[in-house]
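Asker: My questions all concern the structure below.
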Amino acid sequence: MMKSEETHRLCRDELTRLDGDAAGRVISCRKGVLWLTQAGTPGDHLIRAGEAFPIDRRGLVLISALEDCIYAVSGGKNNLFGFHWPYLTFRQMARRFEAAIKSLFA
């Protein structure tokens with residue numbers, strides 16, 4: 001069964017995940033800035049409002065909000081969306097946030 005689109009909200013510094021076979025899904029940022037990490041893909045991705053990121057392989061995808069965000073997940077075979085939970089310690093999140101900010105203004 002194909003899912004059309006799921007809209008989600010993340011507050012600043014929140015993190016969530018897509019598990020399983022997320023290949024073929026597309027993450028579209030509607031508001032804010034998202035930080036995506038995909039298992040097996042070198043580097044991370046910053047997705048700003050109006051931009052989208054196609055997931056091209058199986059495996060874990062972490063989605064973090066650098067500011068309050070609204071985003072949609074579309075496509076895919078079924079509802080593989082995880083749940084919101086504090087995945088990283090504050091120190092780890094602070095380091096990643098600093099790196100992301102540097103890349104925004106580099």
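Each chain of the structure tokens is named A, B, ... in the order shown, its residues numbered from 1; ligands are numbered from 1 in display order.
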Set the distance at 10 Å and use only C-alpha atoms: which residues neighbour A:Gly50 once local chain neighbours fewer than 5 positions away are removed? I'd like the list as a list in words.
Answerer: Ser28, Cys29, Arg30, Lys31, Gly32, Val33 and Tyr71 of chain A
Asker: Quick one: residues within 6 Å of stretch 35-44 of chain A, only C-alpha atoms, excluding same-chain residues fewer than 4 positions away - as a ChimeraX atom specification?
Answerer: /A:59-64
Asker: Which one of A:Ile70, A:Ala99, A:Ala94, A:Leu34 sits closest to A:Leu15 if you count only C-alpha atoms?
Answerer: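 Among the listed residues, A:Leu34 lies closest to A:Leu15.
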Asker: Atom CA of A:Ile47 and atom CA of A:Gly20 are how many Å apart?
Answerer: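 According to the coordinates, atom CA of A:Ile47 and atom CA of A:Gly20 are separated by 21.4 Å.
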Asker: Just the number, please: distance in Å from atom CA of A:Ser103 to atom CA of A:Arg25, one decimal.
Answerer: 25.5 Å
Asker: Residues at most 8 Å from A:Gly24, counting only C-alpha atoms, excluding those fewer than 4 positions away in the same chain, as a list in words?
Answerer: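 My list of contacting residues is Pro54, Ile55, Asp56, Arg57, Gly75 and Gly76 of chain A.
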